[in-house]
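Data file: run17.csv. Format and content: CSV, C-alpha atoms.
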chain,number,residue,atom,x,y,z
A,1384,MET,CA,0.0,0.0,0.0
A,1385,LYS,CA,2.8,2.4,1.0
A,1386,SER,CA,4.8,1.6,-2.1
A,1387,THR,CA,1.8,2.1,-4.3
A,1388,ARG,CA,1.1,5.5,-2.8
A,1389,PHE,CA,4.8,6.4,-3.1
A,1390,ILE,CA,4.9,5.6,-6.8
A,1391,THR,CA,1.5,7.3,-7.5
A,1392,GLU,CA,2.4,10.5,-5.6
A,1393,GLY,CA,5.9,10.5,-7.1
A,1394,ALA,CA,4.6,10.2,-10.6
A,1395,VAL,CA,2.1,13.0,-10.1
A,1396,LEU,CA,4.7,15.4,-8.7
A,1397,LEU,CA,7.2,14.5,-11.4
A,1398,ALA,CA,4.5,15.2,-14.1
A,1399,ILE,CA,3.9,18.6,-12.5
A,1400,TYR,CA,7.7,19.3,-12.5
A,1401,SER,CA,7.9,18.1,-16.1
A,1402,VAL,CA,5.2,20.6,-17.2
A,1403,LEU,CA,6.9,23.4,-15.3
A,1404,LEU,CA,10.3,22.5,-16.8
A,1405,LEU,CA,8.9,22.5,-20.4
A,1406,MET,CA,7.3,25.8,-19.8
A,1407,ILE,CA,10.4,27.4,-18.3
A,1408,THR,CA,12.5,26.0,-21.2
A,1409,TYR,CA,10.3,26.8,-24.2
A,1410,VAL,CA,8.3,29.8,-22.9
A,1411,PRO,CA,11.1,32.2,-21.7
A,1412,PHE,CA,8.9,35.1,-20.5
A,1413,LEU,CA,7.3,32.7,-17.9
A,1414,SER,CA,10.7,31.7,-16.5
A,1415,LEU,CA,10.8,34.8,-14.2
A,1416,ILE,CA,7.8,33.5,-12.2
A,1417,LEU,CA,8.2,29.7,-12.7
A,1418,THR,CA,11.8,29.6,-11.5
A,1419,PHE,CA,10.6,30.1,-7.9
A,1420,LEU,CA,7.9,27.4,-8.3
A,1421,MET,CA,10.4,24.7,-9.6
A,1422,PRO,CA,11.4,23.3,-6.1
A,1423,LEU,CA,7.7,22.9,-5.0
A,1424,PRO,CA,7.1,19.3,-6.2
A,1425,PHE,CA,10.2,18.2,-4.4
A,1426,ILE,CA,9.3,20.2,-1.2
A,1427,VAL,CA,5.9,18.5,-1.1
A,1428,PHE,CA,7.4,15.0,-1.7
A,1429,SER,CA,10.1,15.6,0.9
A,1430,LEU,CA,7.5,16.6,3.5
A,1431,LYS,CA,5.8,13.2,3.1
A,1432,TYR,CA,8.8,10.8,2.6
A,1433,SER,CA,12.3,10.2,3.8
A,1434,ILE,CA,15.5,11.8,2.4
A,1435,LYS,CA,16.4,8.5,0.7
A,1436,GLU,CA,13.1,8.3,-1.1
A,1437,SER,CA,13.3,12.0,-2.0
A,1438,LEU,CA,16.7,11.5,-3.5
A,1439,LEU,CA,15.3,8.6,-5.6
A,1440,LEU,CA,12.7,11.0,-7.0
A,1441,CYS,CA,15.6,13.4,-7.7
A,1442,CYS,CA,17.4,10.8,-9.8
A,1443,VAL,CA,14.2,10.0,-11.8
A,1444,ALA,CA,13.6,13.7,-12.4
A,1445,ILE,CA,17.2,14.0,-13.9
A,1446,GLY,CA,16.3,11.1,-16.2
A,1447,ILE,CA,13.1,12.7,-17.3
A,1448,THR,CA,14.9,16.0,-17.9
A,1449,MET,CA,17.3,14.3,-20.3
A,1450,VAL,CA,14.3,12.8,-22.2
A,1451,ILE,CA,12.1,15.9,-22.5
A,1452,THR,CA,14.7,18.6,-22.8
A,1453,SER,CA,18.5,18.1,-23.0
A,1454,ALA,CA,21.5,17.2,-20.9
A,1455,THR,CA,22.4,20.9,-20.4
A,1456,VAL,CA,19.2,21.4,-18.2
A,1457,ILE,CA,20.3,18.6,-15.8
A,1458,PRO,CA,22.2,21.0,-13.5
A,1459,SER,CA,19.1,23.1,-13.1
A,1460,THR,CA,17.0,20.0,-12.2
A,1461,LEU,CA,19.7,19.0,-9.7
A,1462,MET,CA,19.6,22.4,-8.2
A,1463,PHE,CA,15.8,22.7,-7.9
A,1464,SER,CA,15.4,19.1,-6.6
A,1465,THR,CA,18.1,19.3,-3.9
A,1466,ILE,CA,16.9,22.7,-2.7
A,1467,GLY,CA,13.3,21.4,-2.7
A,1468,ILE,CA,14.3,18.3,-0.7
A,1469,ALA,CA,16.3,20.4,1.8
A,1470,LEU,CA,13.4,22.8,2.3
A,1471,GLY,CA,10.9,20.0,2.8
A,1472,TYR,CA,13.2,18.3,5.3
A,1473,LEU,CA,13.7,21.6,7.3
A,1474,ILE,CA,10.0,22.4,7.3
A,1475,LYS,CA,9.2,18.9,8.5
A,1476,ASN,CA,11.7,19.2,11.3
A,1477,GLU,CA,10.1,22.6,12.3
A,1478,ARG,CA,13.3,24.7,11.7
A,1479,SER,CA,13.0,28.5,11.8
A,1480,LYS,CA,12.3,30.5,8.7
A,1481,GLY,CA,15.7,32.3,9.1
A,1482,GLU,CA,17.5,29.0,9.2
A,1483,ILE,CA,15.7,27.7,6.1
A,1484,LEU,CA,16.5,31.0,4.3
A,1485,ILE,CA,20.2,30.7,5.1
A,1486,THR,CA,20.4,27.0,4.1
A,1487,SER,CA,18.6,27.6,0.8
A,1488,THR,CA,20.8,30.6,0.1
A,1489,PHE,CA,24.0,28.6,0.4
A,1490,LEU,CA,22.5,25.7,-1.6
A,1491,TYR,CA,21.6,28.1,-4.4
A,1492,LEU,CA,25.1,29.6,-4.2
A,1493,ILE,CA,26.8,26.2,-4.4
A,1494,HIS,CA,24.7,25.2,-7.4
A,1495,ILE,CA,25.1,28.5,-9.2
A,1496,VAL,CA,28.9,28.4,-8.8
A,1497,LEU,CA,29.0,24.8,-10.1
A,1498,ILE,CA,26.8,25.8,-13.1
A,1499,TYR,CA,29.1,28.8,-13.8
A,1500,LEU,CA,32.2,26.6,-13.7
A,1501,LEU,CA,30.6,24.0,-15.9
A,1502,ALA,CA,29.6,26.6,-18.5
A,1503,LYS,CA,33.1,28.0,-18.5
A,1504,THR,CA,34.9,24.7,-18.6
A,1505,LEU,CA,32.7,22.7,-21.1
A,1506,PHE,CA,31.2,25.5,-23.2
A,1507,ASN,CA,33.9,28.1,-22.9
A,1508,MET,CA,31.2,30.6,-21.7
A,1509,ASP,CA,32.4,33.4,-19.4
A,1510,ILE,CA,29.2,34.9,-17.9
A,1511,VAL,CA,31.1,37.7,-16.2
A,1512,LYS,CA,32.9,38.7,-19.4
A,1513,ASP,CA,29.7,38.4,-21.5
A,1514,MET,CA,27.8,40.6,-19.0
A,1515,MET,CA,30.5,43.3,-19.0
A,1516,ASN,CA,30.6,43.3,-22.9
A,1517,SER,CA,26.8,43.6,-23.1
A,1518,MET,CA,26.7,46.5,-20.6
A,1519,THR,CA,29.6,48.3,-22.3
A,1520,ASP,CA,28.0,47.8,-25.8
A,1521,ALA,CA,24.7,49.2,-24.4
A,1522,ILE,CA,26.5,52.3,-23.1
A,1523,GLU,CA,28.3,52.8,-26.5
A,1524,LYS,CA,24.9,52.4,-28.4
A,1525,SER,CA,23.2,54.9,-26.0
A,1526,LYS,CA,26.1,57.4,-26.7
A,1527,GLU,CA,25.6,56.9,-30.5
A,1528,MET,CA,21.8,57.4,-30.1
A,1529,TYR,CA,22.3,60.6,-28.1
A,1530,SER,CA,24.8,61.9,-30.8
A,1531,SER,CA,22.4,61.1,-33.6
A,1532,LEU,CA,19.7,63.1,-31.8
A,1533,GLY,CA,22.1,66.0,-31.3
A,1534,VAL,CA,22.1,65.6,-27.5
A,1535,LYS,CA,25.3,65.7,-25.5
A,1536,PRO,CA,25.4,62.7,-23.1
A,1537,ASN,CA,26.5,63.2,-19.4
A,1538,GLN,CA,30.1,62.0,-19.7
A,1539,ASN,CA,30.7,62.0,-15.9
A,1540,GLY,CA,27.7,59.7,-15.4
A,1541,LEU,CA,28.8,57.4,-18.2
A,1542,ASP,CA,32.4,57.3,-16.7
A,1543,ASP,CA,30.9,56.4,-13.3
A,1544,LEU,CA,28.8,53.6,-14.9
A,1545,LEU,CA,31.9,52.2,-16.7
A,1546,ALA,CA,33.8,52.3,-13.4
A,1547,VAL,CA,31.0,50.2,-11.8
A,1548,ILE,CA,31.1,47.7,-14.7
A,1549,LYS,CA,34.9,47.3,-14.3
A,1550,LEU,CA,34.2,46.4,-10.6
A,1551,ILE,CA,32.0,43.4,-11.6
A,1552,PRO,CA,34.8,40.8,-11.7
A,1553,THR,CA,36.0,41.9,-8.3
A,1554,LEU,CA,32.5,42.0,-6.7
A,1555,PHE,CA,31.4,38.8,-8.5
A,1556,PRO,CA,31.4,36.7,-5.3
A,1557,THR,CA,29.2,39.3,-3.5
A,1558,LEU,CA,26.9,39.6,-6.5
A,1559,LEU,CA,26.5,35.8,-6.6
A,1560,LEU,CA,25.7,35.7,-2.8
A,1561,MET,CA,23.1,38.5,-3.2
A,1562,PHE,CA,21.6,36.7,-6.2
A,1563,SER,CA,21.4,33.4,-4.3
A,1564,PHE,CA,19.8,35.2,-1.3
A,1565,THR,CA,17.2,36.8,-3.6
A,1566,LEU,CA,16.4,33.4,-5.2
A,1567,ALA,CA,16.1,31.8,-1.8
A,1568,PHE,CA,13.8,34.5,-0.4
A,1569,LEU,CA,11.5,34.6,-3.5
A,1570,THR,CA,11.3,30.8,-3.5
A,1571,GLN,CA,10.1,30.9,0.1
A,1572,LEU,CA,7.7,33.8,-0.7
A,1573,VAL,CA,6.1,31.9,-3.6
A,1574,THR,CA,6.1,28.3,-2.3
A,1575,PHE,CA,5.3,28.6,1.4
A,1576,PRO,CA,1.7,29.9,0.9
A,1577,LEU,CA,1.1,27.0,-1.5
A,1578,ILE,CA,2.5,24.5,1.0
A,1579,LYS,CA,0.3,26.0,3.6
A,1580,ARG,CA,-2.7,25.4,1.4
A,1581,PHE,CA,-1.7,21.7,1.2
A,1582,GLY,CA,-2.2,21.5,4.9
A,1583,TYR,CA,1.4,21.8,6.1
A,1584,LYS,CA,2.6,24.1,8.8
A,1585,THR,CA,5.2,26.6,7.6
A,1586,PRO,CA,7.3,28.8,9.9
A,1587,LYS,CA,6.9,32.6,10.0
A,1588,PHE,CA,9.5,35.4,10.1
A,1589,LYS,CA,9.6,37.6,13.1
A,1590,PRO,CA,8.6,41.2,12.4
A,1591,PHE,CA,11.4,43.0,10.4
A,1592,ARG,CA,11.7,45.6,13.2
A,1593,GLU,CA,13.1,42.8,15.5
A,1594,PHE,CA,16.0,42.1,13.2
A,1595,ARG,CA,19.2,42.8,15.2
A,1596,LEU,CA,22.8,42.0,14.5
A,1597,PRO,CA,24.9,40.7,17.5
A,1598,ALA,CA,26.9,43.3,19.4
A,1599,GLY,CA,30.1,41.4,18.5
A,1600,PHE,CA,29.4,42.1,14.8
A,1601,MET,CA,30.5,45.7,15.4
A,1602,TRP,CA,34.1,44.6,16.2
A,1603,PHE,CA,34.3,42.5,13.0
A,1604,PHE,CA,32.9,45.4,11.0
A,1605,LEU,CA,35.4,47.9,12.4
A,1606,ILE,CA,38.4,45.5,11.8
A,1607,VAL,CA,37.4,44.9,8.2
A,1608,MET,CA,36.8,48.7,7.6
A,1609,ILE,CA,40.2,49.5,9.1
A,1610,ILE,CA,41.9,46.9,6.8
A,1611,SER,CA,40.1,48.3,3.8
A,1612,PHE,CA,41.8,51.7,4.3
A,1613,PHE,CA,45.2,50.1,3.8
A,1614,LYS,CA,46.6,50.1,0.3
A,1615,LEU,CA,46.4,46.4,-0.8
A,1616,LYS,CA,47.8,44.9,-3.9
A,1617,GLN,CA,45.3,45.4,-6.7
A,1618,GLY,CA,43.7,42.2,-7.9
A,1619,SER,CA,45.3,40.1,-5.1
A,1620,PHE,CA,43.2,37.4,-3.3
A,1621,PHE,CA,43.3,39.4,0.0
A,1622,ASN,CA,42.3,42.6,-1.8
A,1623,VAL,CA,39.3,40.9,-3.5
A,1624,ALA,CA,38.3,39.2,-0.3
A,1625,VAL,CA,38.4,42.5,1.8
A,1626,ILE,CA,36.4,44.4,-0.9
A,1627,ASN,CA,33.7,41.6,-1.0
A,1628,VAL,CA,33.5,41.2,2.8
A,1629,THR,CA,33.2,45.0,3.1
A,1630,TYR,CA,30.3,45.2,0.7
A,1631,VAL,CA,28.5,42.3,2.4
A,1632,LEU,CA,29.0,43.8,5.9
A,1633,GLN,CA,27.8,47.2,4.7
A,1634,VAL,CA,24.6,45.7,3.3
A,1635,LEU,CA,24.0,43.9,6.7
A,1636,VAL,CA,24.5,47.2,8.6
A,1637,ILE,CA,22.1,49.0,6.2
A,1638,VAL,CA,19.5,46.3,6.9
A,1639,GLN,CA,20.1,46.9,10.6
A,1640,GLY,CA,19.6,50.6,10.0
A,1641,TYR,CA,16.2,50.0,8.3
A,1642,ALA,CA,15.2,47.6,11.1
A,1643,SER,CA,16.0,50.4,13.6
A,1644,ILE,CA,13.9,52.9,11.7
A,1645,PHE,CA,11.0,50.4,11.6
A,1646,TYR,CA,11.4,49.7,15.4
A,1647,PHE,CA,11.5,53.5,16.2
A,1648,SER,CA,8.4,54.0,14.1
A,1649,TYR,CA,6.7,51.1,15.9
A,1650,LEU,CA,7.5,52.6,19.3
A,1651,LYS,CA,6.2,56.0,18.3
A,1652,GLN,CA,3.1,54.4,16.7
A,1653,PHE,CA,3.7,56.1,13.4
A,1654,SER,CA,1.8,55.0,10.3
A,1655,LYS,CA,3.4,51.9,8.7
A,1656,ALA,CA,3.8,53.9,5.6
A,1657,VAL,CA,6.4,56.2,7.2
A,1658,PRO,CA,9.3,53.8,7.5
A,1659,ILE,CA,8.4,52.4,4.0
A,1660,ILE,CA,8.6,55.8,2.5
A,1661,ILE,CA,11.9,56.5,4.2
A,1662,MET,CA,13.3,53.2,2.8
A,1663,ILE,CA,12.2,54.0,-0.7
A,1664,ALA,CA,13.5,57.6,-0.5
A,1665,SER,CA,16.9,56.4,0.7
A,1666,LEU,CA,17.2,53.9,-2.1
A,1667,ILE,CA,16.4,56.6,-4.7
A,1668,ILE,CA,18.4,59.4,-3.1
A,1669,GLN,CA,21.8,57.9,-2.7
A,1670,PRO,CA,23.2,60.2,0.0
A,1671,LEU,CA,20.4,59.1,2.4
A,1672,ILE,CA,21.7,55.6,2.4
A,1673,TYR,CA,24.8,56.7,4.3
A,1674,ILE,CA,22.5,58.1,7.0
A,1675,VAL,CA,20.8,54.7,7.2
A,1676,LEU,CA,24.3,53.1,7.4
A,1677,LEU,CA,25.1,55.4,10.3
A,1678,ILE,CA,21.9,54.6,12.1
A,1679,GLY,CA,22.7,50.9,11.7
A,1680,ILE,CA,26.2,51.3,13.2
A,1681,VAL,CA,24.9,53.4,16.1
A,1682,SER,CA,22.1,50.9,16.8
A,1683,ILE,CA,24.6,48.0,16.9
A,1684,GLY,CA,27.2,49.8,19.0
A,1685,ILE,CA,25.0,51.7,21.5
A,1686,PHE,CA,21.4,50.7,21.7
A,1687,ASN,CA,20.2,47.3,22.9
A,1688,ARG,CA,16.8,47.2,21.4
A,1689,ARG,CA,14.1,45.2,23.1
A,1690,ILE,CA,10.5,44.6,22.2
A,1691,ASN,CA,8.4,45.1,25.3
Output the structure of this file as structure tokens.
Amino acid sequence: MKSTRFITEGAVLLAIYSVLLLMITYVPFLSLILTFLMPLPFIVFSLKYSIKESLLLCCVAIGITMVITSATVIPSTLMFSTIGIALGYLIKNERSKGEILITSTFLYLIHIVLIYLLAKTLFNMDIVKDMMNSMTDAIEKSKEMYSSLGVKPNQNGLDDLLAVIKLIPTLFPTLLLMFSFTLAFLTQLVTFPLIKRFGYKTPKFKPFREFRLPAGFMWFFLIVMIISFFKLKQGSFFNVAVINVTYVLQVLVIVQGYASIFYFSYLKQFSKAVPIIIMIASLIIQPLIYIVLLIGIVSIGIFNRRIN
């Protein structure tokens, strides 16, 4: 009886995955939404069955992928299936939403790095180089378009943009981490409500205002910032590592700053729109982001926020 149910449910979920895979492969404009749904069949299966049985489903999914698409799509199926199995396992064991988010972020990161290395090794595709060339070509074409219209482009702005593009290889690890986090967050955002509809209990995030970095984080942040002021050898491993760690830490402190703004707004019983407007304004008006960064630093180093 159990084996019959196992085969039936596995076949149904594999059929759903196959349809999603065909849609994401042959209908590109749907891929933006469907990408976050791809782990769902494996999450549902992992919630009902053991890791061993879930891995068997993963192997069958890889075989189906080869039949209905091509071998080049196998890494994607491997990524979606393993992440889905891990999410199902963590939900079944009642792990916190934060722990699930961190785990899925690093799983996405590992798979994306492996896909990047495979593309570079087997197909001689350098995603970073292609991205830089595409962005540089877009800037050159925009300059030509402005010239044809008789409009003088903002050269300072274009130079700043080119400088940012040149930073892409250095900041590539940070960009991959941020991309992986975004994928993990959106996967939870899309799949968890559906899992809940299937009758499974899903964890909830604490209110954003309760986000707080540990006090010891401040010392680590200060040490890295001090090291970054020293002149390091350009392009060296240590230099690249310090730059990437600095950016990641700054993002975390900015998040801390926003959380502090939300917390203060909560204490003062302001409208929920107030901190949201402040957040949007700081993202649009760049100098304001430094104020948020300062608020984050102060809130870590001085204030010990508590929810009463």
| request: Find the residues around Ile1483 in chain A up to 10 Å (all atoms listed in the file counted), leave out those fewer than 4 positions away in its own chain, and share them as a VMD selection string. | output: chain A and resid 1469 to 1474 1477 to 1479 1487 to 1488 1567 to 1568 1571 1586
| Do you have the CA of Ser1619 in chain A-CA of Thr1565 in chain A distance handy? | 28.3 Å
| field | Near-range 1602-1614 of chain A list (8 Å; only C-alpha atoms; drop same-chain fewer than 5 positions) as a list in words | value | Val1625, Ile1626, Val1628, Thr1629 and Leu1632 of chain A
Take the residues from that selection and put them in a file with C-alpha atoms, as a short mmCIF file (atom, residue, chain, number, x, y, z; two decimals), keeping the file's coordinate frame.
data_model
loop_
_atom_site.label_atom_id
_atom_site.label_comp_id
_atom_site.auth_asym_id
_atom_site.auth_seq_id
_atom_site.Cartn_x
_atom_site.Cartn_y
_atom_site.Cartn_z
CA VAL A 1625 38.40 42.50 1.80
CA ILE A 1626 36.40 44.40 -0.90
CA VAL A 1628 33.50 41.20 2.80
CA THR A 1629 33.20 45.00 3.10
CA LEU A 1632 29.00 43.80 5.90
#
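Computed from the coordinates, the CA of Phe1591 in chain A to CA of Asn1627 in chain A distance equals 25.1 Å.
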| task | Identify, on the basis of only C-alpha atoms, every residue whose closest approach to range 1429-1445 of chain A does not exceed 8 Å; exclude the query and any residue fewer than 5 positions from it along the same chain; express the result as an NGL selection string. | result | :A and (1393 or 1397 or 1457 or 1460-1461 or 1464-1465 or 1467-1469 or 1471-1472 or 1474-1475)
Output C-alpha atoms for every residue in the selection just made, as a PDB file, keeping the file's coordinate frame.
ATOM      1  CA  GLY A1393       5.900  10.500  -7.100  1.00  0.00           C
ATOM      2  CA  LEU A1397       7.200  14.500 -11.400  1.00  0.00           C
ATOM      3  CA  ILE A1457      20.300  18.600 -15.800  1.00  0.00           C
ATOM      4  CA  THR A1460      17.000  20.000 -12.200  1.00  0.00           C
ATOM      5  CA  LEU A1461      19.700  19.000  -9.700  1.00  0.00           C
ATOM      6  CA  SER A1464      15.400  19.100  -6.600  1.00  0.00           C
ATOM      7  CA  THR A1465      18.100  19.300  -3.900  1.00  0.00           C
ATOM      8  CA  GLY A1467      13.300  21.400  -2.700  1.00  0.00           C
ATOM      9  CA  ILE A1468      14.300  18.300  -0.700  1.00  0.00           C
ATOM     10  CA  ALA A1469      16.300  20.400   1.800  1.00  0.00           C
ATOM     11  CA  GLY A1471      10.900  20.000   2.800  1.00  0.00           C
ATOM     12  CA  TYR A1472      13.200  18.300   5.300  1.00  0.00           C
ATOM     13  CA  ILE A1474      10.000  22.400   7.300  1.00  0.00           C
ATOM     14  CA  LYS A1475       9.200  18.900   8.500  1.00  0.00           C
TER      15      LYS A1475
END
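Non-sequential neighbours of Thr1418 in chain A (distance at most 12 Å, separation of 4 or more positions within a chain, all atoms listed in the file) are A:Tyr1400, A:Leu1403, A:Leu1404, A:Leu1405, A:Met1406, A:Ile1407, A:Thr1408, A:Val1410, A:Pro1411, A:Phe1412, A:Leu1413, A:Ser1414, A:Pro1422, A:Leu1423, A:Ser1459, A:Thr1460, A:Met1462, A:Phe1463, A:Thr1565, A:Leu1566, A:Ala1567, A:Leu1569, A:Thr1570, A:Gln1571, A:Val1573, A:Thr1574.
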How would the residues just picked look written out with C-alpha atoms as a PDB file, in the frame of the given file?
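File produced: selection_13.pdb:
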ATOM      1  CA  TYR A1400       7.700  19.300 -12.500  1.00  0.00           C
ATOM      2  CA  LEU A1403       6.900  23.400 -15.300  1.00  0.00           C
ATOM      3  CA  LEU A1404      10.300  22.500 -16.800  1.00  0.00           C
ATOM      4  CA  LEU A1405       8.900  22.500 -20.400  1.00  0.00           C
ATOM      5  CA  MET A1406       7.300  25.800 -19.800  1.00  0.00           C
ATOM      6  CA  ILE A1407      10.400  27.400 -18.300  1.00  0.00           C
ATOM      7  CA  THR A1408      12.500  26.000 -21.200  1.00  0.00           C
ATOM      8  CA  VAL A1410       8.300  29.800 -22.900  1.00  0.00           C
ATOM      9  CA  PRO A1411      11.100  32.200 -21.700  1.00  0.00           C
ATOM     10  CA  PHE A1412       8.900  35.100 -20.500  1.00  0.00           C
ATOM     11  CA  LEU A1413       7.300  32.700 -17.900  1.00  0.00           C
ATOM     12  CA  SER A1414      10.700  31.700 -16.500  1.00  0.00           C
ATOM     13  CA  PRO A1422      11.400  23.300  -6.100  1.00  0.00           C
ATOM     14  CA  LEU A1423       7.700  22.900  -5.000  1.00  0.00           C
ATOM     15  CA  SER A1459      19.100  23.100 -13.100  1.00  0.00           C
ATOM     16  CA  THR A1460      17.000  20.000 -12.200  1.00  0.00           C
ATOM     17  CA  MET A1462      19.600  22.400  -8.200  1.00  0.00           C
ATOM     18  CA  PHE A1463      15.800  22.700  -7.900  1.00  0.00           C
ATOM     19  CA  THR A1565      17.200  36.800  -3.600  1.00  0.00           C
ATOM     20  CA  LEU A1566      16.400  33.400  -5.200  1.00  0.00           C
ATOM     21  CA  ALA A1567      16.100  31.800  -1.800  1.00  0.00           C
ATOM     22  CA  LEU A1569      11.500  34.600  -3.500  1.00  0.00           C
ATOM     23  CA  THR A1570      11.300  30.800  -3.500  1.00  0.00           C
ATOM     24  CA  GLN A1571      10.100  30.900   0.100  1.00  0.00           C
ATOM     25  CA  VAL A1573       6.100  31.900  -3.600  1.00  0.00           C
ATOM     26  CA  THR A1574       6.100  28.300  -2.300  1.00  0.00           C
TER      27      THR A1574
END
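Using all atoms listed in the file, the shortest contact distance between Tyr1649 in chain A and any of A:Lys1524, A:Glu1593, A:Leu1497, A:Ala1598 is found at A:Glu1593.
Between CA of Ile1672 in chain A and CA of Leu1544 in chain A the separation is 18.8 Å.
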| said: Measuring between only C-alpha atoms, which one of A:Phe1489, A:Leu1415, A:Pro1424, A:Tyr1673 shows the shortest distance to Glu1392 in chain A? | reply: A:Pro1424
| request: List the neighbours of range 1677-1680 of chain A out to 12 Å using all atoms listed in the file; skip same-chain residues closer than 3 positions along the sequence, and give me the result as number ranges by chain. | output: A: 1594-1605, 1632-1647, 1670-1674, 1683-1686, 1688
